[in-house]
Structures are given as C-alpha cells and as structure tokens.
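J.: Contents are PDB, C-alpha atoms; file name input_4.pdb:
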ATOM      1  CA  MET T   1     108.694  94.072  81.426  1.00  0.00           C
ATOM      2  CA  LEU T   2     107.431  96.596  78.874  1.00  0.00           C
ATOM      3  CA  ALA T   3     103.953  96.523  80.430  1.00  0.00           C
ATOM      4  CA  GLN T   4     105.545  97.039  83.875  1.00  0.00           C
ATOM      5  CA  MET T   5     107.460 100.075  82.604  1.00  0.00           C
ATOM      6  CA  GLU T   6     104.266 101.512  81.075  1.00  0.00           C
ATOM      7  CA  ARG T   7     102.393 101.044  84.369  1.00  0.00           C
ATOM      8  CA  ASN T   8     105.245 102.768  86.181  1.00  0.00           C
ATOM      9  CA  ARG T   9     105.218 105.651  83.715  1.00  0.00           C
ATOM     10  CA  ASN T  10     101.455 106.070  84.165  1.00  0.00           C
ATOM     11  CA  ALA T  11     101.815 106.048  87.960  1.00  0.00           C
ATOM     12  CA  GLY T  12     104.442 108.805  87.827  1.00  0.00           C
ATOM     13  CA  PHE T  13     107.429 106.523  88.452  1.00  0.00           C
ATOM     14  CA  ASP T  14     110.347 106.607  86.069  1.00  0.00           C
ATOM     15  CA  GLU T  15     112.590 103.662  85.256  1.00  0.00           C
ATOM     16  CA  ARG T  16     115.342 105.010  87.523  1.00  0.00           C
ATOM     17  CA  GLU T  17     113.065 105.000  90.595  1.00  0.00           C
ATOM     18  CA  VAL T  18     111.898 101.466  89.822  1.00  0.00           C
ATOM     19  CA  ALA T  19     115.488 100.284  89.335  1.00  0.00           C
ATOM     20  CA  LEU T  20     116.600 101.951  92.587  1.00  0.00           C
ATOM     21  CA  SER T  21     113.686 100.362  94.441  1.00  0.00           C
ATOM     22  CA  SER T  22     114.446  96.971  92.950  1.00  0.00           C
ATOM     23  CA  GLY T  23     118.139  97.172  93.846  1.00  0.00           C
ATOM     24  CA  ALA T  24     117.428  98.336  97.389  1.00  0.00           C
ATOM     25  CA  LEU T  25     114.827  95.602  97.819  1.00  0.00           C
ATOM     26  CA  ASN T  26     117.259  92.907  96.666  1.00  0.00           C
ATOM     27  CA  TRP T  27     119.905  94.159  99.095  1.00  0.00           C
ATOM     28  CA  LEU T  28     117.372  94.335 101.912  1.00  0.00           C
ATOM     29  CA  ARG T  29     116.153  90.774 101.243  1.00  0.00           C
ATOM     30  CA  GLN T  30     119.717  89.475 101.365  1.00  0.00           C
ATOM     31  CA  SER T  31     120.278  91.233 104.700  1.00  0.00           C
ATOM     32  CA  ILE T  32     117.078  89.803 106.119  1.00  0.00           C
ATOM     33  CA  ASP T  33     117.877  86.271 104.836  1.00  0.00           C
ATOM     34  CA  ARG T  34     121.283  86.373 106.535  1.00  0.00           C
ATOM     35  CA  ASP T  35     119.728  87.809 109.723  1.00  0.00           C
ATOM     36  CA  VAL T  36     122.170  90.731 109.590  1.00  0.00           C
ATOM     37  CA  PRO T  37     121.310  94.077 111.231  1.00  0.00           C
ATOM     38  CA  VAL T  38     120.277  96.734 108.715  1.00  0.00           C
ATOM     39  CA  TYR T  39     121.859 100.180 108.959  1.00  0.00           C
ATOM     40  CA  LEU T  40     120.724 103.393 107.341  1.00  0.00           C
ATOM     41  CA  SER T  41     123.533 105.717 106.369  1.00  0.00           C
ATOM     42  CA  CYS T  42     122.966 109.460 106.014  1.00  0.00           C
ATOM     43  CA  LYS T  43     125.303 112.274 105.171  1.00  0.00           C
ATOM     44  CA  ALA T  44     124.485 115.795 106.305  1.00  0.00           C
ATOM     45  CA  ASP T  45     126.771 118.795 106.631  1.00  0.00           C
ATOM     46  CA  GLY T  46     129.734 116.685 105.540  1.00  0.00           C
ATOM     47  CA  THR T  47     129.226 114.226 108.403  1.00  0.00           C
ATOM     48  CA  ALA T  48     128.209 110.642 107.669  1.00  0.00           C
ATOM     49  CA  ARG T  49     126.363 108.600 110.242  1.00  0.00           C
ATOM     50  CA  ALA T  50     124.878 105.116 110.194  1.00  0.00           C
ATOM     51  CA  VAL T  51     122.053 104.054 112.493  1.00  0.00           C
ATOM     52  CA  GLU T  52     120.705 100.544 113.008  1.00  0.00           C
ATOM     53  CA  LEU T  53     117.069 100.150 112.001  1.00  0.00           C
ATOM     54  CA  PRO T  54     114.653  98.228 114.229  1.00  0.00           C
ATOM     55  CA  SER T  55     113.168  95.087 112.643  1.00  0.00           C
ATOM     56  CA  SER T  56     109.708  96.687 112.450  1.00  0.00           C
ATOM     57  CA  ALA T  57     111.156  99.579 110.401  1.00  0.00           C
ATOM     58  CA  VAL T  58     112.970  97.114 108.119  1.00  0.00           C
ATOM     59  CA  ALA T  59     109.696  95.250 107.493  1.00  0.00           C
ATOM     60  CA  LEU T  60     107.958  98.551 106.700  1.00  0.00           C
ATOM     61  CA  LEU T  61     110.766  99.572 104.358  1.00  0.00           C
ATOM     62  CA  GLN T  62     110.580  96.215 102.591  1.00  0.00           C
ATOM     63  CA  GLN T  63     106.829  96.606 102.012  1.00  0.00           C
ATOM     64  CA  ALA T  64     107.281 100.149 100.706  1.00  0.00           C
ATOM     65  CA  LEU T  65     110.048  99.074  98.311  1.00  0.00           C
ATOM     66  CA  GLN T  66     107.904  96.184  97.019  1.00  0.00           C
ATOM     67  CA  LEU T  67     105.105  98.620  96.213  1.00  0.00           C
ATOM     68  CA  LEU T  68     107.460 101.096  94.555  1.00  0.00           C
ATOM     69  CA  GLU T  69     109.117  98.324  92.536  1.00  0.00           C
ATOM     70  CA  ALA T  70     105.658  97.348  91.261  1.00  0.00           C
ATOM     71  CA  GLY T  71     104.990 100.962  90.268  1.00  0.00           C
ATOM     72  CA  LYS T  72     102.493 101.576  93.048  1.00  0.00           C
ATOM     73  CA  GLY T  73     102.548 104.427  95.498  1.00  0.00           C
ATOM     74  CA  ALA T  74     102.961 103.898  99.212  1.00  0.00           C
ATOM     75  CA  ALA T  75     101.636 105.829 102.183  1.00  0.00           C
ATOM     76  CA  LEU T  76     102.430 105.506 105.853  1.00  0.00           C
ATOM     77  CA  ILE T  77      99.443 105.809 108.186  1.00  0.00           C
ATOM     78  CA  PRO T  78      99.920 105.660 111.955  1.00  0.00           C
ATOM     79  CA  ILE T  79      98.010 102.814 113.610  1.00  0.00           C
ATOM     80  CA  HIS T  80      96.090 105.242 115.803  1.00  0.00           C
ATOM     81  CA  ALA T  81      95.232 107.487 112.868  1.00  0.00           C
ATOM     82  CA  GLU T  82      91.714 108.677 112.261  1.00  0.00           C
ATOM     83  CA  LEU T  83      90.268 107.960 108.858  1.00  0.00           C
ATOM     84  CA  THR T  84      87.640 109.668 106.769  1.00  0.00           C
ATOM     85  CA  THR T  85      84.669 107.583 105.685  1.00  0.00           C
ATOM     86  CA  ARG T  86      86.173 107.256 102.209  1.00  0.00           C
ATOM     87  CA  GLN T  87      89.520 106.018 103.578  1.00  0.00           C
ATOM     88  CA  ALA T  88      87.806 103.543 105.911  1.00  0.00           C
ATOM     89  CA  ALA T  89      85.582 102.264 103.090  1.00  0.00           C
ATOM     90  CA  ASN T  90      88.656 101.752 100.906  1.00  0.00           C
ATOM     91  CA  LEU T  91      90.397  99.866 103.707  1.00  0.00           C
ATOM     92  CA  LEU T  92      87.397  97.532 104.046  1.00  0.00           C
ATOM     93  CA  ASN T  93      86.901  97.360 100.273  1.00  0.00           C
ATOM     94  CA  VAL T  94      83.257  98.422 100.580  1.00  0.00           C
ATOM     95  CA  SER T  95      81.289 101.387  99.316  1.00  0.00           C
ATOM     96  CA  ARG T  96      81.180 104.560 101.378  1.00  0.00           C
ATOM     97  CA  THR T  97      77.392 104.214 101.589  1.00  0.00           C
ATOM     98  CA  TYR T  98      77.685 100.721 103.074  1.00  0.00           C
ATOM     99  CA  LEU T  99      80.314 101.925 105.547  1.00  0.00           C
ATOM    100  CA  ILE T 100      78.010 104.722 106.734  1.00  0.00           C
ATOM    101  CA  LYS T 101      75.283 102.111 107.266  1.00  0.00           C
ATOM    102  CA  LEU T 102      77.734 100.107 109.424  1.00  0.00           C
ATOM    103  CA  LEU T 103      78.585 103.247 111.391  1.00  0.00           C
ATOM    104  CA  ASP T 104      74.944 104.192 111.932  1.00  0.00           C
ATOM    105  CA  GLU T 105      74.022 100.702 113.164  1.00  0.00           C
ATOM    106  CA  GLY T 106      76.965 100.769 115.611  1.00  0.00           C
ATOM    107  CA  SER T 107      79.077  98.031 114.029  1.00  0.00           C
ATOM    108  CA  ILE T 108      82.096 100.335 114.003  1.00  0.00           C
ATOM    109  CA  ALA T 109      82.722 103.118 116.512  1.00  0.00           C
ATOM    110  CA  TYR T 110      83.179 106.665 115.224  1.00  0.00           C
ATOM    111  CA  HIS T 111      82.973 110.262 116.321  1.00  0.00           C
ATOM    112  CA  LYS T 112      82.160 113.489 114.542  1.00  0.00           C
ATOM    113  CA  VAL T 113      84.431 116.409 113.844  1.00  0.00           C
ATOM    114  CA  GLY T 114      82.007 119.124 112.878  1.00  0.00           C
ATOM    115  CA  ARG T 115      79.697 117.418 110.383  1.00  0.00           C
ATOM    116  CA  HIS T 116      82.253 114.796 109.349  1.00  0.00           C
ATOM    117  CA  ARG T 117      82.589 111.285 110.705  1.00  0.00           C
ATOM    118  CA  ARG T 118      86.034 110.095 111.781  1.00  0.00           C
ATOM    119  CA  ILE T 119      86.867 106.467 112.433  1.00  0.00           C
ATOM    120  CA  ARG T 120      89.940 105.182 114.249  1.00  0.00           C
ATOM    121  CA  ARG T 121      92.000 102.960 111.982  1.00  0.00           C
ATOM    122  CA  GLU T 122      92.346 100.333 114.703  1.00  0.00           C
ATOM    123  CA  ASP T 123      88.524 100.111 114.961  1.00  0.00           C
ATOM    124  CA  VAL T 124      88.261  99.513 111.209  1.00  0.00           C
ATOM    125  CA  LEU T 125      90.972  96.839 111.352  1.00  0.00           C
ATOM    126  CA  ARG T 126      89.295  95.187 114.361  1.00  0.00           C
ATOM    127  CA  TYR T 127      85.972  95.088 112.482  1.00  0.00           C
ATOM    128  CA  ARG T 128      87.705  93.562 109.444  1.00  0.00           C
ATOM    129  CA  SER T 129      89.415  90.953 111.610  1.00  0.00           C
ATOM    130  CA  ASP T 130      86.165  90.056 113.398  1.00  0.00           C
ATOM    131  CA  LEU T 131      84.369  89.759 110.067  1.00  0.00           C
ATOM    132  CA  ARG T 132      87.036  87.413 108.735  1.00  0.00           C
ATOM    133  CA  GLY T 133      86.753  85.297 111.883  1.00  0.00           C
ATOM    134  CA  LYS T 134      82.970  85.025 111.491  1.00  0.00           C
ATOM    135  CA  ARG T 135      83.370  84.044 107.838  1.00  0.00           C
ATOM    136  CA  ARG T 136      85.841  81.331 108.826  1.00  0.00           C
ATOM    137  CA  GLU T 137      83.429  79.967 111.442  1.00  0.00           C
ATOM    138  CA  VAL T 138      80.568  79.805 108.920  1.00  0.00           C
ATOM    139  CA  LEU T 139      82.768  78.090 106.338  1.00  0.00           C
ATOM    140  CA  ASP T 140      83.928  75.551 108.931  1.00  0.00           C
ATOM    141  CA  GLN T 141      80.323  74.901 109.890  1.00  0.00           C
ATOM    142  CA  LEU T 142      79.317  74.419 106.245  1.00  0.00           C
ATOM    143  CA  ALA T 143      82.224  72.030 105.695  1.00  0.00           C
ATOM    144  CA  ALA T 144      81.241  70.016 108.780  1.00  0.00           C
ATOM    145  CA  GLU T 145      77.614  69.806 107.630  1.00  0.00           C
ATOM    146  CA  SER T 146      78.633  68.710 104.135  1.00  0.00           C
ATOM    147  CA  GLN T 147      80.751  65.953 105.698  1.00  0.00           C
ATOM    148  CA  LEU T 148      77.885  64.947 107.978  1.00  0.00           C
ATOM    149  CA  TYR T 149      75.392  64.642 105.116  1.00  0.00           C
ATOM    150  CA  GLY T 150      77.917  63.197 102.655  1.00  0.00           C
ATOM    151  CA  ILE T 151      77.557  65.998 100.124  1.00  0.00           C
ATOM    152  CA  GLY T 152      81.269  66.706  99.837  1.00  0.00           C
ATOM    153  CA  TYR T 153      83.236  66.518  96.655  1.00  0.00           C
ATOM    154  CA  ASP T 154      84.523  63.119  95.591  1.00  0.00           C
TER     155      ASP T 154
END
As structure tokens, how would this structure be written, given the file I've shared?

T.:
Amino acid sequence: MLAQMERNRNAGFDEREVALSSGALNWLRQSIDRDVPVYLSCKADGTARAVELPSSAVALLQQALQLLEAGKGAALIPIHAELTTRQAANLLNVSRTYLIKLLDEGSIAYHKVGRHRRIRREDVLRYRSDLRGKRREVLDQLAAESQLYGIGYD
C-alpha cells in the first residue's frame, strides 16, 4: 500500500483522488454486478439532475477509474482520431523508426499534414489486430507440426 501511495504521489495523484476513484469504482462494480442502470447526478445553478449513462459510457468510466485507482493517468481518444507517429508507435509498442518503416512500405495507411505524417487510430488498431491474427496462425501451425513429428512436451 505504501508503494502504491508513493507511485500515486509521483504521478501527481494525491491519496484523496485515489480514495475517491477506489470508492467510485467499488460502487460502479456493484451496480454493474446487479445489472442496475447507472445514473450520473449533476448540480448546476441550484438545480440537480440525474441522467442515465449508456452501457458503453459506464464501461469507459470503469476503465478510467481503474487507471486512476492504480495511480495512472487516463486519456480519452476518439476512435476516428488521427495520431502522430509517436502516438501510433506507442499504441503498437514499437519504436517510431520501425513505425515509419511500416508506413513507408504501405503496411499502414497514412496521410501528410504539411511535413508530418498522420495515421488514423482505426488503421493502427486494424494493423495490430491483423498482426495478432497472423501470430496466432503461425503458433497454431507450429503446434500442429510439433504434434505431427512428436516433438511436443511430455
């Protein structure tokens, strides 16, 4: 717990924010477990109003609270957002240099804004998904060959 508090302090989160996130997350999990609609209540100009949140917004809120509870920051990026090469490289967990190589060979679509490359987030996610699928196929093929030749683990 002490290490968690130190991480939070280093990330700019104080104990109060972590506690609020944790409490809100626990309440949200209970609401989700009971399959109860989640309402957001706001008070402005002396008038209180509660609105029901759609399930997709509740899922997003839950993810954000989990990150905040762990002392990590959260950012919301629209699905159709355009990314810089650095952002796209971070999303793929590769170097920026390797990403530029992928762009230049046409593996991922991009366009230029001035001298800068911009990549649609959905194109980066599609590339990542395709890559994972190819990896799965190769692993399945290797497993089948090891079974065929009897070189599996006993």

J.: Could you check the closest approach to Gln62 in chain T for each of T:Asn26, T:Thr84, T:Asn90, T:Ser41 and tell me which residue wins, using all atoms listed in the file?

T.: T:Asn26

J.: From the set T:Ile119, T:Leu60, T:Cys42, T:Leu142, which residue has the shortest atom-to-atom contact distance to Glu82 in chain T, counting all atoms listed in the file?

T.: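 Looking at the shortest contact to Glu82 in chain T, the residue is T:Ile119.
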
J.: Between CA of Leu92 in chain T and CA of His80 in chain T, measure the distance and give it in Å to one decimal.

T.: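 Distance reported for this atom pair: 16.5 Å.
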
J.: Quick check on the file I pasted: which residues fall under the PyMOL selection byres ((chain T and resi 78) around 12)? Write them as a list in words.

T.: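 Evaluating the PyMOL selection byres ((chain T and resi 78) around 12) on these coordinates yields Leu60, Ala75, Leu76, Ile77, Ile79, His80, Ala81, Glu82, Leu83, Arg120, Arg121 and Glu122 of chain T.
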
J.: Using C-alpha atoms, can you export the residues from the last selection as a PDB file, in the frame of the given file?

T.:
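So selection_13.pdb came out as:
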ATOM      1  CA  LEU T  60     107.958  98.551 106.700  1.00  0.00           C
ATOM      2  CA  ALA T  75     101.636 105.829 102.183  1.00  0.00           C
ATOM      3  CA  LEU T  76     102.430 105.506 105.853  1.00  0.00           C
ATOM      4  CA  ILE T  77      99.443 105.809 108.186  1.00  0.00           C
ATOM      5  CA  ILE T  79      98.010 102.814 113.610  1.00  0.00           C
ATOM      6  CA  HIS T  80      96.090 105.242 115.803  1.00  0.00           C
ATOM      7  CA  ALA T  81      95.232 107.487 112.868  1.00  0.00           C
ATOM      8  CA  GLU T  82      91.714 108.677 112.261  1.00  0.00           C
ATOM      9  CA  LEU T  83      90.268 107.960 108.858  1.00  0.00           C
ATOM     10  CA  ARG T 120      89.940 105.182 114.249  1.00  0.00           C
ATOM     11  CA  ARG T 121      92.000 102.960 111.982  1.00  0.00           C
ATOM     12  CA  GLU T 122      92.346 100.333 114.703  1.00  0.00           C
TER      13      GLU T 122
END

J.: Kindly extract all protein, DNA and RNA residues lying within 12 Å of the coordinates (82.7, 112.4, 115.1) given in the file, considering only C-alpha atoms, and supply them as a VMD selection string.

T.: chain T and resid 82 to 85 103 to 104 109 to 120

J.: From the list T:Ser21, T:Gln30, T:Thr97, T:Gln87, which residue is nearest Val124 in chain T when using all atoms listed in the file?

T.: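 Residue with the minimum atom-to-atom distance to Val124 in chain T: T:Gln87.
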
J.: Given all atoms listed in the file as the basis, pick out the residue of T:Gln141, T:Arg128, T:Ala19, T:Arg49 nearest to Val94 in chain T.

T.: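 Closest candidate: T:Arg128.
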
J.: At a cut-off of 12 Å from (120.4, 95.2, 101.7) in the coordinates of the file, what residues are picked up using all atoms listed in the file, written as an MDAnalysis selection string?

T.: chainID T and resid 20:41 53 58 61:62 65

J.: Keeping only C-alpha atoms, write those residues as a short mmCIF file (atom, residue, chain, number, x, y, z; two decimals), in the frame of the given file.

T.:
data_model
loop_
_atom_site.label_atom_id
_atom_site.label_comp_id
_atom_site.auth_asym_id
_atom_site.auth_seq_id
_atom_site.Cartn_x
_atom_site.Cartn_y
_atom_site.Cartn_z
CA LEU T 20 116.60 101.95 92.59
CA SER T 21 113.69 100.36 94.44
CA SER T 22 114.45 96.97 92.95
CA GLY T 23 118.14 97.17 93.85
CA ALA T 24 117.43 98.34 97.39
CA LEU T 25 114.83 95.60 97.82
CA ASN T 26 117.26 92.91 96.67
CA TRP T 27 119.90 94.16 99.10
CA LEU T 28 117.37 94.34 101.91
CA ARG T 29 116.15 90.77 101.24
CA GLN T 30 119.72 89.48 101.36
CA SER T 31 120.28 91.23 104.70
CA ILE T 32 117.08 89.80 106.12
CA ASP T 33 117.88 86.27 104.84
CA ARG T 34 121.28 86.37 106.54
CA ASP T 35 119.73 87.81 109.72
CA VAL T 36 122.17 90.73 109.59
CA PRO T 37 121.31 94.08 111.23
CA VAL T 38 120.28 96.73 108.72
CA TYR T 39 121.86 100.18 108.96
CA LEU T 40 120.72 103.39 107.34
CA SER T 41 123.53 105.72 106.37
CA LEU T 53 117.07 100.15 112.00
CA VAL T 58 112.97 97.11 108.12
CA LEU T 61 110.77 99.57 104.36
CA GLN T 62 110.58 96.22 102.59
CA LEU T 65 110.05 99.07 98.31
#

J.: Rounded to one decimal place, report the CA of Leu125 in chain T-CA of Ala88 in chain T distance in Å.

T.: 9.2 Å

J.: Output, as AutoDock Vina command-line options, the centre and edge lengths in Å (one decimal) of the axis-aligned box that contains all listed atoms of range 125-128 of chain T with 6 Å of margin on each side.

T.:
--center_x 88.5 --center_y 95.2 --center_z 111.9 --size_x 17.0 --size_y 15.3 --size_z 16.9

J.: So how far away is CA of Asp123 in chain T from CA of Ala74 in chain T, in Å?

T.: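 Interatomic distance here is 21.7 Å.
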
J.: My list of candidates is T:Val138, T:Ala144, T:Glu17, T:Ile151. Which is closest to Gly73 in chain T when distances are computed with all atoms listed in the file?

T.: T:Glu17

J.: If I only have part of range 77-96 of chain T, can you fill in N, CA, C and O atoms and write it as a PDB file, in the frame of the given file?

T.:
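Saved result, selection-v3.pdb, follows:
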ATOM      1  N   ILE T  77     100.520 105.305 107.343  1.00  0.00           N
ATOM      2  CA  ILE T  77      99.443 105.809 108.186  1.00  0.00           C
ATOM      3  C   ILE T  77      99.667 105.277 109.593  1.00  0.00           C
ATOM      4  O   ILE T  77      99.763 104.063 109.777  1.00  0.00           O
ATOM      5  N   PRO T  78      99.756 106.145 110.580  1.00  0.00           N
ATOM      6  CA  PRO T  78      99.920 105.660 111.955  1.00  0.00           C
ATOM      7  C   PRO T  78      98.755 104.761 112.363  1.00  0.00           C
ATOM      8  O   PRO T  78      97.622 104.964 111.940  1.00  0.00           O
ATOM      9  N   ILE T  79      99.032 103.762 113.195  1.00  0.00           N
ATOM     10  CA  ILE T  79      98.010 102.814 113.610  1.00  0.00           C
ATOM     11  C   ILE T  79      96.845 103.523 114.289  1.00  0.00           C
ATOM     12  O   ILE T  79      95.697 103.177 114.115  1.00  0.00           O
ATOM     13  N   HIS T  80      97.140 104.545 115.072  1.00  0.00           N
ATOM     14  CA  HIS T  80      96.090 105.242 115.803  1.00  0.00           C
ATOM     15  C   HIS T  80      95.470 106.378 114.995  1.00  0.00           C
ATOM     16  O   HIS T  80      94.752 107.203 115.554  1.00  0.00           O
ATOM     17  N   ALA T  81      95.729 106.408 113.711  1.00  0.00           N
ATOM     18  CA  ALA T  81      95.232 107.487 112.868  1.00  0.00           C
ATOM     19  C   ALA T  81      93.716 107.434 112.747  1.00  0.00           C
ATOM     20  O   ALA T  81      93.104 106.382 112.846  1.00  0.00           O
ATOM     21  N   GLU T  82      93.142 108.596 112.527  1.00  0.00           N
ATOM     22  CA  GLU T  82      91.714 108.677 112.261  1.00  0.00           C
ATOM     23  C   GLU T  82      91.518 108.764 110.765  1.00  0.00           C
ATOM     24  O   GLU T  82      92.233 109.475 110.062  1.00  0.00           O
ATOM     25  N   LEU T  83      90.530 108.041 110.283  1.00  0.00           N
ATOM     26  CA  LEU T  83      90.268 107.960 108.858  1.00  0.00           C
ATOM     27  C   LEU T  83      88.970 108.672 108.508  1.00  0.00           C
ATOM     28  O   LEU T  83      88.049 108.736 109.323  1.00  0.00           O
ATOM     29  N   THR T  84      88.907 109.165 107.289  1.00  0.00           N
ATOM     30  CA  THR T  84      87.640 109.668 106.769  1.00  0.00           C
ATOM     31  C   THR T  84      86.793 108.462 106.379  1.00  0.00           C
ATOM     32  O   THR T  84      87.295 107.333 106.313  1.00  0.00           O
ATOM     33  N   THR T  85      85.530 108.701 106.089  1.00  0.00           N
ATOM     34  CA  THR T  85      84.669 107.583 105.685  1.00  0.00           C
ATOM     35  C   THR T  85      85.158 106.972 104.377  1.00  0.00           C
ATOM     36  O   THR T  85      85.097 105.760 104.199  1.00  0.00           O
ATOM     37  N   ARG T  86      85.665 107.790 103.486  1.00  0.00           N
ATOM     38  CA  ARG T  86      86.173 107.256 102.209  1.00  0.00           C
ATOM     39  C   ARG T  86      87.406 106.373 102.442  1.00  0.00           C
ATOM     40  O   ARG T  86      87.529 105.290 101.874  1.00  0.00           O
ATOM     41  N   GLN T  87      88.324 106.809 103.289  1.00  0.00           N
ATOM     42  CA  GLN T  87      89.520 106.018 103.578  1.00  0.00           C
ATOM     43  C   GLN T  87      89.153 104.694 104.251  1.00  0.00           C
ATOM     44  O   GLN T  87      89.692 103.647 103.924  1.00  0.00           O
ATOM     45  N   ALA T  88      88.226 104.757 105.211  1.00  0.00           N
ATOM     46  CA  ALA T  88      87.806 103.543 105.911  1.00  0.00           C
ATOM     47  C   ALA T  88      87.106 102.581 104.953  1.00  0.00           C
ATOM     48  O   ALA T  88      87.332 101.365 105.003  1.00  0.00           O
ATOM     49  N   ALA T  89      86.274 103.109 104.075  1.00  0.00           N
ATOM     50  CA  ALA T  89      85.582 102.264 103.090  1.00  0.00           C
ATOM     51  C   ALA T  89      86.598 101.593 102.166  1.00  0.00           C
ATOM     52  O   ALA T  89      86.475 100.402 101.855  1.00  0.00           O
ATOM     53  N   ASN T  90      87.606 102.329 101.754  1.00  0.00           N
ATOM     54  CA  ASN T  90      88.656 101.752 100.906  1.00  0.00           C
ATOM     55  C   ASN T  90      89.407 100.652 101.639  1.00  0.00           C
ATOM     56  O   ASN T  90      89.732  99.624 101.061  1.00  0.00           O
ATOM     57  N   LEU T  91      89.681 100.856 102.915  1.00  0.00           N
ATOM     58  CA  LEU T  91      90.397  99.866 103.707  1.00  0.00           C
ATOM     59  C   LEU T  91      89.590  98.577 103.840  1.00  0.00           C
ATOM     60  O   LEU T  91      90.144  97.481 103.811  1.00  0.00           O
ATOM     61  N   LEU T  92      88.271  98.702 103.943  1.00  0.00           N
ATOM     62  CA  LEU T  92      87.397  97.532 104.046  1.00  0.00           C
ATOM     63  C   LEU T  92      86.974  96.992 102.681  1.00  0.00           C
ATOM     64  O   LEU T  92      86.342  95.936 102.600  1.00  0.00           O
ATOM     65  N   ASN T  93      87.288  97.729 101.632  1.00  0.00           N
ATOM     66  CA  ASN T  93      86.901  97.360 100.273  1.00  0.00           C
ATOM     67  C   ASN T  93      85.373  97.291 100.128  1.00  0.00           C
ATOM     68  O   ASN T  93      84.822  96.343  99.574  1.00  0.00           O
ATOM     69  N   VAL T  94      84.707  98.296 100.693  1.00  0.00           N
ATOM     70  CA  VAL T  94      83.257  98.422 100.580  1.00  0.00           C
ATOM     71  C   VAL T  94      82.939  99.829 100.091  1.00  0.00           C
ATOM     72  O   VAL T  94      83.800 100.707 100.076  1.00  0.00           O
ATOM     73  N   SER T  95      81.682 100.045  99.739  1.00  0.00           N
ATOM     74  CA  SER T  95      81.289 101.387  99.316  1.00  0.00           C
ATOM     75  C   SER T  95      81.190 102.301 100.533  1.00  0.00           C
ATOM     76  O   SER T  95      80.992 101.850 101.664  1.00  0.00           O
ATOM     77  N   ARG T  96      81.297 103.583 100.295  1.00  0.00           N
ATOM     78  CA  ARG T  96      81.180 104.560 101.378  1.00  0.00           C
ATOM     79  C   ARG T  96      79.776 104.508 101.967  1.00  0.00           C
ATOM     80  O   ARG T  96      79.592 104.613 103.185  1.00  0.00           O
TER      81      ARG T  96
END
